[in-house]
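Visitor: My questions will all concern the structure given below.
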Amino acid sequence: MANLSKKPNRLVHEKSPYLLQHAHNPVDWFPWGAEAFEKAQKEDKIILLSIGYSTCHWCHVMERESFEDDSTAEVLNRDFVCIKLDREERPDIDKIYMDALHAMGTQGGWPLNMFLTPTKEPILGGTYFPPENRYGKRSFKEVLRLVSEAWKNQREELVTAASDLTQYLRDNETRPNEGKLPAKEIIENNFERYLQVYDKEFFGFKTNSSNKFPPSMALSFLTEFYLLKKDPRALEMAFNTAYAMKSGGIYDQVGGGICRYATDHEWLVPHFEKMLYDNSLYVEALSLLYKATEEPFFLEVIREIVTYIRRDMTLDSGGIASAEDADSEGEEGKFYLWTHSELNQIVPDEEIQGFWNVTEEGNFEHQNILHVYWKGKNPFVDGIQFKPEFTHKLEYAKEKLLANRSQRIRPLRDDKVLTSWNCLWIRALLSAYEVSGDIEYLNDAKKIYQFITKQLVGDDGSILRRFREGEAKYFGTLPDYAEFIWVSMKLFQLDEDIEAYTKGKRSLEYLFSHFASKVGPFYESFHGNEDLIVKTIEGYDGVEPSGNSTILHLFYLLFSFGYKGQDLESKANAIFSYFLPELTQNSLSYPSMISAFQKFQYPSKEVLVVYKDRDATEIKSIGKKLSELKDPNLVWLVLEESKAKQLAEELELLTGRGAGSGILFYVCRNFSCELPKDNLEEALTLIRQ
């Protein structure tokens, strides 16, 4: 971390926790902006663009080793113009230079250190550079020397290569769209690929040589695949993986919440940072699993994670913080580890210690990462059962440990509020509300939504990305728009919130006007953003769903409402056809987009309930009954008659629909509707046919 005794640099005026961590480095850092580029051009210097985020472990390491080192800073300040960037604030910039690094044949990661021409074109890059030659990497100082000498002696070659690479990136983002849709078989092929990489011993998927990341979007795909195809193998993979994630050290057994990834295939040793998006996507997958199985275990995990977010991540402003660091007191994981003697003092119960696999020698540097061991068991086949008296004892143990742990020095919390990540959490809460009926989940979602709309959404539908300490800043990226519009429409669906529908529609129109491309998908950044050397298109579902993936889910929802503003089906097809090569050859990296494609390949089913003068409790119970139906392609709306008439000109599903003498149920397939029913049970029978 930065030495506050040193003279501050320009970053001291920034709001980003990551940039503020570097505000007292001896490096003469600039934030991304005109001042840095003008200096680089005026002094004819290469730019070092260093990208990271506040909870990034190796970013901290490189700061301690290099950016706090006076001799390294002297070289940087003499020969380069140095820019620090928070990738979470500016994912659009990060994407460009990460793509450039990949095009150079180098594996990506953070910190991302890129050398640029004064006109922002990429010359050379890498991730973490050590202070001395090690790990098969050149030292950072040697890299600086080689780049500086090349700029002096081989300027023309560097500029030409950087220009060629930039043009390659531009061409790659605007490749032609052949207009050919993927075959329906890619869904089954994707399922078969999961079977091939499924870890039958420890669960999850072996897609990495050592680490296991939470595959929550894959679990959602597999659960929906099961609901549509009834193949129990899909449900077994999703069920067991969700259970293993909750049981492993990757999950905080005391305080709730899932960590960034496990460093082993057993889910035991995590990289201890906690990200809002991981917990959001996990809750969404758990909600789907509960809908498919009605297994109480999944509701209990949801409850724990919601409790964690309320307790530790909810800010006084009303938004949700982005992340918690892996490190505390300069050591990774220190906050979460327990010695055997500590546990003996706090929770001496042998049954509890055995449940969490506590030993005197420990399992991580002579300390214990609490976890539940399941090797040799198949939870999907054997079931998940705990005796009530043990569950009570376990909860009491968690309370005692949590109270004790709260006295420790906590990891850094990155308290910036990001629009797309907060909307992912709203989306998770709405999924949990839909399957559980717990009104507090809905209330939480509405409070966060109100904060987002007040602080980050303009009257014209425009969206800003980041809020911190009273400042809203940075143009919203495609995921910010896609997730906000999605949760707006879900709030309309689940809570009859016409104001949310109106706000979502306004941002949708802004999206069509400012993000559309000629090749089908939407750009990551809006058309007027002159900050970027390349306009990028993304479909890859990385740590969060790509904006284009969420838009496809949104289009299916609005299409089922009969949205008249745009031809959503043809727009969806244009996105699918653009990503045909990826969906065919590399579908495991596109789980959310495959899930959306799956929806469009099956007949839609629409249910509208229109009522007047009915009891609110009765109406909520109808919504809950509809939510419990196990058809991923079912889209339903329950609306008071005056609201239905208000939106009838915009949504075809509502056109000409009334409540009769009090309530009517309209059951439709591909907008071909049966005669309305005035009885819920008759309607449910019709829906299930």
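Here, A, B, ... name the chains of the structure tokens in the order displayed, residue numbers run from 1 inside each chain, and ligands are numbered from 1 in the same displayed order.
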Output as a tab-separated table one row per residue of region 146-236 of chain A within 12 Å of region 514-537 of chain A: the closest atom pair and its distance in Å to one decimal place, counting only C-alpha atoms, sorted by chain and residue number ascending.
Guide:
```
residue	atom	partner	partner_atom	distance
A:Ala162	CA	A:Ile533	CA	11.6
A:Ser163	CA	A:Ile533	CA	10.6
A:Leu165	CA	A:Val534	CA	11.0
A:Thr166	CA	A:Val534	CA	7.5
A:Gln167	CA	A:Val534	CA	8.6
A:Tyr168	CA	A:Val534	CA	10.0
A:Leu169	CA	A:Val534	CA	7.0
A:Arg170	CA	A:Val534	CA	5.7
A:Asp171	CA	A:Val534	CA	9.4
A:Asn172	CA	A:Thr536	CA	8.8
A:Glu173	CA	A:Thr536	CA	5.6
A:Thr174	CA	A:Val519	CA	6.9
A:Arg175	CA	A:Val519	CA	7.6
A:Pro176	CA	A:Val519	CA	6.4
A:Asn177	CA	A:Val519	CA	5.6
A:Glu178	CA	A:Val519	CA	9.1
A:Gly179	CA	A:Gly520	CA	9.2
A:Lys180	CA	A:Gly520	CA	11.9
```
Visitor: Extract, using only C-alpha atoms, all DNA, RNA and protein residues at most 9 Å from Asp79 (chain A), discarding same-chain residues fewer than 5 positions from it, and format them as a count of residues only.
Guide: 5
Visitor: Determine which residues of region 341-577 of chain A DSSP labels as helix (DSSP H, G or I) from the backbone of this structure, then write them out as a VMD selection string.
Guide: chain A and resid 341 to 346 350 to 355 379 to 382 388 to 405 419 to 436 439 to 456 478 to 495 498 to 514 547 to 561 568 to 577
Visitor: Hey, what's within 9 Å of Gly565 (chain A) if we count only C-alpha atoms and toss same-chain stuff fewer than 5 positions away? As a list in words, please?
Guide: Glu509, Glu650 and Leu651 of chain A
Visitor: So how far away is CA of Ala262 (chain A) from CA of Ser139 (chain A), in Å?
Guide: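 CA of Ala262 (chain A) lies at a distance of 28.1 Å from CA of Ser139 (chain A).
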Visitor: So which residues touch Val487 (chain A) within 10 Å, counting only C-alpha atoms, skipping near sequence neighbours fewer than 3 positions away, as a compact mmCIF listing (two decimals) with N, CA, C and O atoms, in the first residue's frame?
Guide:
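out-v9.txt was written with the following content:
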```
# COMPACT_ATOMS: atom_id res chain seq x y z
N CYS A 423 -26.72 -3.59 -10.52
CA CYS A 423 -27.89 -4.14 -11.21
C CYS A 423 -27.83 -5.67 -11.24
O CYS A 423 -28.88 -6.33 -11.18
N LEU A 424 -26.63 -6.24 -11.31
CA LEU A 424 -26.52 -7.70 -11.19
C LEU A 424 -27.03 -8.17 -9.83
O LEU A 424 -27.68 -9.21 -9.72
N TRP A 425 -26.73 -7.39 -8.78
CA TRP A 425 -27.22 -7.76 -7.46
C TRP A 425 -28.75 -7.59 -7.38
O TRP A 425 -29.44 -8.44 -6.79
N ILE A 426 -29.27 -6.53 -7.96
CA ILE A 426 -30.73 -6.37 -8.03
C ILE A 426 -31.35 -7.58 -8.75
O ILE A 426 -32.35 -8.14 -8.31
N ARG A 427 -30.73 -7.96 -9.83
CA ARG A 427 -31.20 -9.10 -10.62
C ARG A 427 -31.20 -10.38 -9.77
O ARG A 427 -32.16 -11.17 -9.81
N ALA A 428 -30.15 -10.56 -8.95
CA ALA A 428 -30.08 -11.73 -8.06
C ALA A 428 -31.19 -11.68 -7.03
O ALA A 428 -31.85 -12.69 -6.75
N LEU A 430 -34.06 -10.19 -7.26
CA LEU A 430 -35.36 -10.43 -7.90
C LEU A 430 -35.53 -11.91 -8.21
O LEU A 430 -36.65 -12.45 -8.09
N ALA A 445 -34.12 -4.91 -3.41
CA ALA A 445 -33.90 -4.61 -4.83
C ALA A 445 -34.43 -3.21 -5.17
O ALA A 445 -33.77 -2.45 -5.89
N LYS A 446 -35.59 -2.88 -4.65
CA LYS A 446 -36.20 -1.58 -4.97
C LYS A 446 -35.39 -0.42 -4.38
O LYS A 446 -35.23 0.63 -5.01
N TYR A 449 -32.34 0.01 -6.56
CA TYR A 449 -32.79 0.55 -7.85
C TYR A 449 -33.06 2.05 -7.73
O TYR A 449 -32.68 2.83 -8.62
N ALA A 482 -27.39 -2.53 -20.35
CA ALA A 482 -28.11 -3.80 -20.49
C ALA A 482 -28.67 -4.26 -19.15
O ALA A 482 -29.85 -4.65 -19.05
N GLU A 483 -27.83 -4.22 -18.10
CA GLU A 483 -28.30 -4.70 -16.79
C GLU A 483 -29.35 -3.77 -16.20
O GLU A 483 -30.31 -4.23 -15.56
N PHE A 484 -29.18 -2.46 -16.38
CA PHE A 484 -30.19 -1.53 -15.85
C PHE A 484 -31.54 -1.73 -16.53
O PHE A 484 -32.59 -1.77 -15.87
N LYS A 490 -37.75 -6.28 -15.20
CA LYS A 490 -38.11 -7.31 -14.22
C LYS A 490 -38.90 -6.71 -13.05
O LYS A 490 -39.83 -7.35 -12.53
N LEU A 491 -38.56 -5.50 -12.64
CA LEU A 491 -39.34 -4.84 -11.60
C LEU A 491 -40.75 -4.54 -12.09
O LEU A 491 -41.72 -4.65 -11.33
N PHE A 492 -40.87 -4.18 -13.36
CA PHE A 492 -42.19 -4.01 -13.95
C PHE A 492 -42.95 -5.33 -13.91
O PHE A 492 -44.13 -5.38 -13.51
N GLN A 493 -42.30 -6.40 -14.27
CA GLN A 493 -42.97 -7.71 -14.32
C GLN A 493 -43.37 -8.18 -12.92
O GLN A 493 -44.49 -8.66 -12.71
N ALA A 500 -40.68 2.00 -13.42
CA ALA A 500 -39.46 1.27 -13.79
C ALA A 500 -39.50 0.91 -15.27
O ALA A 500 -38.47 1.00 -15.97
N TYR A 501 -40.66 0.49 -15.76
CA TYR A 501 -40.79 0.20 -17.20
C TYR A 501 -40.45 1.43 -18.03
O TYR A 501 -39.71 1.33 -19.02
N GLY A 504 -36.72 2.10 -17.94
CA GLY A 504 -36.02 1.11 -18.74
C GLY A 504 -36.20 1.36 -20.22
O GLY A 504 -35.24 1.24 -21.00
N LEU A 554 -32.89 -9.77 -22.42
CA LEU A 554 -33.85 -8.67 -22.37
C LEU A 554 -34.78 -8.69 -23.58
O LEU A 554 -36.00 -8.51 -23.44
```
Visitor: Identify which of the residues A:Ala40, A:Cys59, A:Leu268, A:Leu20 lies closest to Cys82 (chain A), counting only C-alpha atoms when measuring atom-to-atom distances.
Guide: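 For Cys82 (chain A), the nearest of the candidates is A:Ala40.
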Visitor: Would you list the contacts of Glu294 (chain A) as JSON, numbers by chain, taking every protein, DNA or RNA residue within 12 Å and counting only C-alpha atoms, but skipping same-chain residues closer than 3 positions in sequence?
Guide: {"A": [239, 286, 287, 288, 289, 290, 291, 297, 298, 299, 300, 383, 384, 435, 436, 628, 629, 630]}
Visitor: Any chance you can output those residues with N, CA, C and O atoms as a short mmCIF file (atom, residue, chain, number, x, y, z; two decimals), in the first residue's frame?
Guide:
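Just written: result-v2.cif:
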```cif
data_model
loop_
_atom_site.label_atom_id
_atom_site.label_comp_id
_atom_site.auth_asym_id
_atom_site.auth_seq_id
_atom_site.Cartn_x
_atom_site.Cartn_y
_atom_site.Cartn_z
N PHE A 239 -26.27 -29.07 -9.73
CA PHE A 239 -26.59 -29.31 -8.32
C PHE A 239 -25.30 -29.56 -7.52
O PHE A 239 -25.03 -28.89 -6.51
N LEU A 286 -28.41 -20.25 -7.85
CA LEU A 286 -29.06 -20.95 -6.74
C LEU A 286 -30.58 -20.83 -6.82
O LEU A 286 -31.30 -21.79 -6.50
N SER A 287 -31.06 -19.68 -7.24
CA SER A 287 -32.51 -19.48 -7.37
C SER A 287 -33.09 -20.41 -8.42
O SER A 287 -34.15 -21.02 -8.21
N LEU A 288 -32.40 -20.53 -9.54
CA LEU A 288 -32.85 -21.45 -10.58
C LEU A 288 -32.83 -22.90 -10.10
O LEU A 288 -33.74 -23.68 -10.39
N LEU A 289 -31.79 -23.25 -9.36
CA LEU A 289 -31.69 -24.61 -8.84
C LEU A 289 -32.81 -24.90 -7.85
O LEU A 289 -33.36 -26.00 -7.81
N TYR A 290 -33.16 -23.91 -7.04
CA TYR A 290 -34.28 -24.13 -6.13
C TYR A 290 -35.58 -24.31 -6.90
O TYR A 290 -36.40 -25.17 -6.57
N LYS A 291 -35.76 -23.51 -7.95
CA LYS A 291 -36.97 -23.66 -8.76
C LYS A 291 -37.04 -25.07 -9.34
O LYS A 291 -38.11 -25.69 -9.38
N PHE A 297 -31.79 -26.42 0.80
CA PHE A 297 -30.39 -26.04 0.92
C PHE A 297 -30.08 -24.80 0.10
O PHE A 297 -29.36 -23.90 0.56
N PHE A 298 -30.64 -24.72 -1.11
CA PHE A 298 -30.31 -23.60 -1.99
C PHE A 298 -30.90 -22.29 -1.46
O PHE A 298 -30.26 -21.24 -1.55
N LEU A 299 -32.08 -22.34 -0.89
CA LEU A 299 -32.66 -21.14 -0.27
C LEU A 299 -31.82 -20.68 0.91
O LEU A 299 -31.66 -19.47 1.15
N GLU A 300 -31.27 -21.64 1.67
CA GLU A 300 -30.46 -21.29 2.82
C GLU A 300 -29.17 -20.59 2.40
O GLU A 300 -28.74 -19.62 3.03
N GLY A 383 -28.82 -36.75 -1.65
CA GLY A 383 -29.60 -35.72 -0.96
C GLY A 383 -28.74 -34.94 0.03
O GLY A 383 -27.61 -35.31 0.35
N ILE A 384 -29.27 -33.83 0.50
CA ILE A 384 -28.57 -32.96 1.46
C ILE A 384 -29.45 -32.87 2.69
O ILE A 384 -30.52 -32.25 2.65
N VAL A 435 -38.49 -16.94 -6.54
CA VAL A 435 -38.63 -18.36 -6.15
C VAL A 435 -38.98 -18.55 -4.69
O VAL A 435 -39.49 -19.61 -4.31
N SER A 436 -38.70 -17.54 -3.85
CA SER A 436 -38.93 -17.70 -2.41
C SER A 436 -40.18 -16.99 -1.93
O SER A 436 -40.76 -17.38 -0.91
N GLU A 628 -43.50 -20.27 -9.64
CA GLU A 628 -43.11 -21.64 -9.30
C GLU A 628 -43.13 -22.59 -10.50
O GLU A 628 -42.57 -23.68 -10.43
N LEU A 629 -43.75 -22.16 -11.59
CA LEU A 629 -43.81 -23.02 -12.77
C LEU A 629 -42.41 -23.21 -13.34
O LEU A 629 -41.62 -22.27 -13.45
N LYS A 630 -42.08 -24.42 -13.75
CA LYS A 630 -40.70 -24.79 -14.09
C LYS A 630 -40.42 -24.72 -15.59
O LYS A 630 -39.77 -25.60 -16.14
#
```
Visitor: Name the residues in contact with Ile187 (chain A) at a cut-off of 12 Å, using only C-alpha atoms, excluding same-chain residues fewer than 6 positions from it; report them as a PDB file with C-alpha atoms, in the first residue's frame.
Guide:
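Everything below was put into around.pdb:
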```pdb
ATOM      1  CA  ARG A 193     -18.769 -30.083 -23.647  1.00  0.00           C
ATOM      2  CA  TYR A 194     -19.716 -29.581 -20.014  1.00  0.00           C
ATOM      3  CA  PHE A 221     -27.509 -22.728 -18.434  1.00  0.00           C
ATOM      4  CA  LEU A 222     -27.411 -26.349 -17.255  1.00  0.00           C
ATOM      5  CA  GLU A 224     -32.493 -24.355 -17.760  1.00  0.00           C
ATOM      6  CA  PHE A 225     -31.278 -27.059 -20.152  1.00  0.00           C
ATOM      7  CA  TYR A 226     -32.570 -29.646 -17.685  1.00  0.00           C
ATOM      8  CA  LEU A 228     -36.340 -27.869 -21.122  1.00  0.00           C
ATOM      9  CA  LYS A 229     -34.792 -31.251 -22.015  1.00  0.00           C
ATOM     10  CA  LEU A 583     -20.997 -20.098 -30.209  1.00  0.00           C
ATOM     11  CA  THR A 584     -20.073 -23.013 -32.448  1.00  0.00           C
ATOM     12  CA  GLN A 585     -16.422 -23.470 -31.484  1.00  0.00           C
ATOM     13  CA  ASN A 586     -16.006 -21.942 -28.019  1.00  0.00           C
ATOM     14  CA  SER A 587     -19.443 -22.084 -26.422  1.00  0.00           C
ATOM     15  CA  LEU A 588     -18.152 -22.736 -22.867  1.00  0.00           C
ATOM     16  CA  TYR A 590     -20.427 -17.872 -23.802  1.00  0.00           C
ATOM     17  CA  PRO A 591     -22.764 -19.509 -21.233  1.00  0.00           C
ATOM     18  CA  SER A 592     -25.154 -16.577 -20.859  1.00  0.00           C
ATOM     19  CA  MET A 593     -25.422 -16.081 -24.615  1.00  0.00           C
ATOM     20  CA  ILE A 594     -26.053 -19.810 -25.134  1.00  0.00           C
ATOM     21  CA  SER A 595     -28.785 -19.609 -22.475  1.00  0.00           C
ATOM     22  CA  ALA A 596     -30.407 -16.757 -24.398  1.00  0.00           C
ATOM     23  CA  PHE A 597     -30.108 -18.677 -27.682  1.00  0.00           C
ATOM     24  CA  GLN A 598     -31.757 -21.667 -25.991  1.00  0.00           C
ATOM     25  CA  LYS A 599     -34.764 -19.511 -25.052  1.00  0.00           C
ATOM     26  CA  PHE A 600     -35.239 -18.335 -28.625  1.00  0.00           C
ATOM     27  CA  GLN A 601     -35.151 -21.923 -29.957  1.00  0.00           C
ATOM     28  CA  TYR A 602     -38.215 -23.112 -28.062  1.00  0.00           C
TER      29      TYR A 602
END
```
Visitor: Which neighbours of Asp199 (chain A) fall inside 12 Å, counting only C-alpha atoms, when residues of the same chain fewer than 5 positions from it are skipped, and could you give them as a tab-separated table (two decimals) with C-alpha atoms, in the first residue's frame?
Guide:
```
chain	number	residue	atom	x	y	z
A	194	TYR	CA	-19.72	-29.58	-20.01
A	204	GLY	CA	-17.21	-28.05	-11.13
A	205	PHE	CA	-15.37	-28.02	-14.44
A	206	LYS	CA	-11.72	-28.59	-15.27
A	207	THR	CA	-11.23	-25.76	-17.74
A	208	ASN	CA	-8.07	-24.49	-16.05
A	212	LYS	CA	-11.46	-23.17	-10.44
A	236	GLU	CA	-26.66	-33.28	-11.47
A	237	MET	CA	-23.69	-31.22	-12.71
A	238	ALA	CA	-25.31	-27.96	-11.64
A	240	ASN	CA	-23.29	-30.88	-7.23
A	241	THR	CA	-21.17	-27.91	-8.35
A	244	ALA	CA	-19.32	-28.02	-3.69
A	265	HIS	CA	-9.54	-28.32	-8.00
A	266	GLU	CA	-10.96	-29.26	-4.59
A	267	TRP	CA	-12.42	-25.75	-4.00
A	375	LYS	CA	-15.30	-36.57	-1.39
A	378	ASN	CA	-22.92	-37.42	-4.60
```
Visitor: Find the distance between CA of Thr223 (chain A) and CA of Tyr198 (chain A) and write it in Å to one decimal.
Guide: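 One can read the CA of Thr223 (chain A) to CA of Tyr198 (chain A) distance as 14.7 Å.
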Visitor: Mind pulling up the distance from CA of Leu281 (chain A) to CA of Pro111 (chain A)?
Guide: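 Atom-to-atom, CA of Pro111 (chain A) and CA of Leu281 (chain A) are spaced 24.3 Å apart.
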